[in-house]
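> There's a structure below that I have some questions on.
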Amino acid sequence: MGAVWALVIGLYAWCANSGMLELMGSGAKDSYYNLQVQAFRDGHLNLERQVPPEYGDPPNFKWDGNYGLDDLSYYKGRLYLYFGVTPALVLFWPYAALTGHYLLHKVATVIFFSAGFLAGAALLWAVWRRYFKECGVWVAAAGMLALGLGNFAPAVLGQCDVYEVAVSCGYALTMLALCGIWRALHDAQHRWRWLAAASLAYGLAVAARPSLLLGAVILLVPVIQAWREKGRLWPLLAAACGPIMAIGAGLMIYNAVRFDNPLEFGQRYQLPLAEHQQFGWRYLWFNIRVGFLKPARWSGDFPFVDNIAAPEQPAGYCQLVDPFGILASIPMVWLALAAPLAWRGREEEGRSRLRLFLGAVGALFWMYALPLIFHDSMCLRYELEYASPLVLLGVVGVFALERAPAARPVWRRAARCGWVLLLAFTVAFNLLASYKTNADDHENYGSALLKSGRLDEAIAQYQKTLQMRPNGSVAHNNLGGAFGREGRLAEAILQFQESVRIDPDNANVRNNLGNALLHGGRVDEAIPVLQKALEIKPDLITARNDLGDALARKRKLDEAIVQFQQALLYKPDFAEARNNLGNALLQKGNWTRRSASTSRRC
C-alpha cells in the first residue's frame with residue numbers, strides 16, 4: 001500500500017508543469033492566488049494590478065489578450081480573482097506567512113491532488129477492511145492505483161494554472177467530506193461530529209469551486225440513516241447544515257463587498273468581456289458526446305494519444321479544451337455497474353450502510369455531471385470532477401466482483417483478467433495523456449512568447465515540444481514562423497517542409513512554406529507549393545497573393561493579375577493584394593509600351 005501511495009504522489013510531482021498564466025508571469029509572486037494573498041495582507045479584496053487606461057471601460061472595453069489579465073474579473077475599474085477563495089485561505093496564505101516565500105500554482109496543485117488521493121486511499125482502505133476482507137491486499141492496492149492515476153489527475157497536472165488549483169482543491173476537500181460521511185455512517189457515538197467535519201470540508205470545497213454546490217446533498221445521507229434507525233434528527237441536521245451554511249454566508253458577504261451582489265462570483269465581469277449563454281439545452285448532446293462518448297485519436301508516434309475528433313460546436317458554445325470521452329478513455333468506470341453486487345448477500349445493517357455510502361458517491365457523480373453537460377464549455381479539468389466519484393465506484397465494483405461467488409473458476413479468472421486489463425488501460429492512458437498535455441503546454445507557451453515578440457524564448461519552447469513530440473506538425477510550423485521572423489529563412493524552410501511532410505493536407509502550412517521559399521529567392525520552388533495549397537483550399541487569400549507575387553517575379557503578369565483579382569474577390573479590403581494588383585497592372589502597361597517601341601524600331 002505504501003509503495004502505491006509513494007508511486008502515485010511521485011508521478012503527480014513528475015507530471016506537474018506550470019501553465020500559461022504562471023509561465024508568462026515573472027515568478028510565483030505574480031501567480032493569481034499569490035496576488036490574492038498580497039491583497040488580503042494589505043487589507044483589501046481587489047488585486048494590486050492595474051488595467052491599462054487605453055483599454056477603456058465596459059461596455060467599450062478593448063482588450064488585447066494580455067496574459068497578465070486573462071480570466072480576472074474587471075469591475076468598477078478594479079481587478080478581482082473570481083476563482084474560489086479557499087486555496088488562498090488554506091494553503092497559499094499560510095505558506096507565505098510561515099516561509100516568507102510564495103508557492104507556485106503547480107506545487108499547490110500537486111499538494112491538493114496528493115491530499116485528495118491520500119484521503120481517497122484511506123477511505124478505500126476502510127471500505128476494504130470492513131466489507132471486502134476476502135479480497136487480497138493486492139486487489140486493494142490495485143484499486144488505490146486506479147483511484148490515483150485513473151481520474152485524469154495526471155493529465156490535468158500537465159498544465160497547472162489557477163484553474164487547476166481550484167479544481168484540485170475542490171477534489172481534495174470533496175474526498176475529505178466523503179471520509180467524514182463514511183465515519184458518520186459507521187461511528188454512531190460521534191456521528192454528529194463527523195458529519196459536522198464533512199459539512200465543513202464540503203463547504204470549503206464549494207468556496208473553492210461553486211459549481212460543486214449541488215453535491216452538498218450527500219451531507220443528508222447520515223441523516224437518512226438516523227431517520228431509518230429512528231434516532232434524533234435535529235442534532236444531525238444542525239451538523240449537516242450549520243458549517244456549510246456559515247461558509248455560504250461568508251461567501252455571500254465576500255461577493256457583496258466585491259461585486260455589490262451576494263450571488264455574483266465575478267464571471268459576469270470575466271476578461272475578456274463577452275456576453276454568452278452559459279447554460280442551455282442546445283449544449284446537451286454535444287457535451288455528452290465529447291465528455292463521455294468520443295474516444296481519443298491514436299497515432300503511431302509517442303505519446304500515441306491525440307485529441308478527439310470533435311463534432312461541430314453548437315451556436316454560442318464558448319470553448320472546448322482537450323476533453324476525452326471518459327467511457328472510452330478510462331474504461332475502469334464501466335466497473336461501476338458492478339457496484340450493486342457489493343451489498344449482495346449481506347446482513348441488513350451492513351447492506352444499508354454500504355448502500356447509503358455508495359449512493360452518496362453516485363449522487364456526487366450525477367450532481368457534478370449534470371450541470372456540466374448543459375454548460376457552454378467542456379475541459380479536461382471539468383471531467384476530473386465527475387470522473388473521480390465514478391472511478392471510486394468502479395474500484396468498489398472490482399471488490400464486488402472479487403467477492404462474488406463464482407459457479408466456475410473459469411468465470412472468476414475471466415472477470416479478474418477483464419478488470420485488470422481495464423485498469424491497466426486506464427492508468428496507461430492517463431500517463432500518456434499527461435505527457436501530451438505537458439508537450440501542448442510548451443507549444444502554447446511558445447505561441448504566447450511569439451505573440452509578445454520574445455522570439456528566442458519562443459524558439460526554445462517549440463524545440464522542447466519537438467523533443468517530446470517529434471512529429472508535431474503544429475510545433476514544426478510555429479517554429480518555422482519564429483525562425484522566419486528572425487530572418488533565419490533556411491531553418492524556417494526546413495521546419496515548414498517537415499510540417500508539410502507530417503500533415504500534407506494542411507493548406508496553411510504549405511502557404512507558409514511557399515512564402516518562405518519566395519522570400520528566400522527560391523521562386524521556382526515556391527510556385528508549385530502555393531498552387532498545391534490553393535488546390536486544397538481555394539479561398540486561402542494569402543496563398544493567392546503569394547502565388548501572384550511569385551508569378552509576377554517570373555514576368556507571368558497575366559497569371560499574377562488573375563491571382564490578385566481572385567484574392568480580392570474573396571476579400572475586397574485585402575490591401576496588400578490590391579497594392580500588388582496595381583503594381584502588376586503598372587508593370588504590364590510599361591512592358592507593353594516597351595515591347596511596342598522595340599517593334600517600331602525594328
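Identifiers for the C-alpha cells are assigned positionally: chains receive A, B, ... in sequence, residues are indexed from 1 per chain, and ligands are indexed from 1 in the order shown.
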Would you mind listing what lies within 8 Å of Ser31 in chain A as a PyMOL selection string, with only C-alpha atoms counted and same-chain residues fewer than 6 positions away left out?

chain A and resi 21-22+25+104-105+162

> Find the spatial neighbours of range 150-158 of chain A, counting only C-alpha atoms, within a cut-off of 9 Å - ignore same-chain residues fewer than 3 positions away - and output them as a count of residues only.

48

> Skipping near chain neighbours, those fewer than 4 positions away, what residues fall within 8 Å of Asn477 in chain A using only C-alpha atoms, listed as a PyMOL selection string?

chain A and resi 473+481+495-496+499+509+512

> Deliver the residues from the most recent selection as a file, using N, CA and C atoms, as a JSON list (two decimals), in the first residue's frame.


```
[["chain", "number", "residue", "atom", "x", "y", "z"],
["A", 473, "SER", "N", 3.17, 18.47, -36.06],
["A", 473, "SER", "CA", 3.11, 19.34, -37.23],
["A", 473, "SER", "C", 2.97, 20.81, -36.84],
["A", 481, "GLY", "N", 7.78, 29.61, -38.27],
["A", 481, "GLY", "CA", 7.36, 31.00, -38.23],
["A", 481, "GLY", "C", 8.28, 31.85, -37.37],
["A", 495, "GLN", "N", 11.77, 23.64, -41.30],
["A", 495, "GLN", "CA", 10.68, 23.34, -40.37],
["A", 495, "GLN", "C", 9.34, 23.26, -41.11],
["A", 496, "PHE", "N", 9.11, 24.16, -42.05],
["A", 496, "PHE", "CA", 7.86, 24.10, -42.82],
["A", 496, "PHE", "C", 7.80, 22.83, -43.67],
["A", 499, "SER", "N", 6.80, 20.06, -41.45],
["A", 499, "SER", "CA", 5.38, 20.15, -41.12],
["A", 499, "SER", "C", 4.51, 19.67, -42.27],
["A", 509, "VAL", "N", -0.02, 25.48, -43.85],
["A", 509, "VAL", "CA", 1.39, 25.14, -43.72],
["A", 509, "VAL", "C", 2.08, 25.23, -45.08],
["A", 512, "ASN", "N", 2.74, 28.76, -45.79],
["A", 512, "ASN", "CA", 3.91, 29.27, -45.06],
["A", 512, "ASN", "C", 5.21, 28.84, -45.73]]
```

> Report, in Å with one decimal, the straight-line distance from CA of Leu35 in chain A to CA of Leu271 in chain A.

16.7 Å

> One number please: CA of Ile247 in chain A to CA of Arg49 in chain A, in Å, one decimal.

27.7 Å

> Residues near Tyr202 in chain A, anyone? I mean within 9 Å using only C-alpha atoms, not counting same-chain ones fewer than 3 positions away, as a PyMOL selection string.

chain A and resi 170+173-178+197-199+205-207+212-213+215-216+219+243-244

> Could you give me the residues within range 282-460 of chain A that DSSP places in strand (DSSP E or B), as a list in words?

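Taking range 282-460 of chain A and keeping strand (DSSP E or B) gives Arg297, Trp298, Val305, Asp306, Gln319, Leu320, Val321, His375, Ser377, Met378 and Cys379 of chain A.
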
> What lies within 8 Å of Ala363 in chain A using only C-alpha atoms, ignoring chain neighbours under 2 positions off, as a PyMOL selection string?

chain A and resi 215+217-218+359-361+365-367

> Using only C-alpha atoms, determine which residues lie at most 12 Å from Gly472 in chain A, disregarding the query and same-chain residues fewer than 4 positions distant; provide the list as an MDAnalysis selection string.

chainID A and resid 299 301:304 306 436 439:440 442:443 462:468 476:479 495:496 498:503

> Interatomic distance between CA of Val523 in chain A and CA of Ser447 in chain A?

28.6 Å

> Of the candidates A:Leu47, A:Leu23, A:Leu513, A:Ala577, which shows the shortest atom-to-atom distance to Tyr445 in chain A, using only C-alpha atoms?

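Closest residue, counting only C-alpha atoms: A:Leu23.
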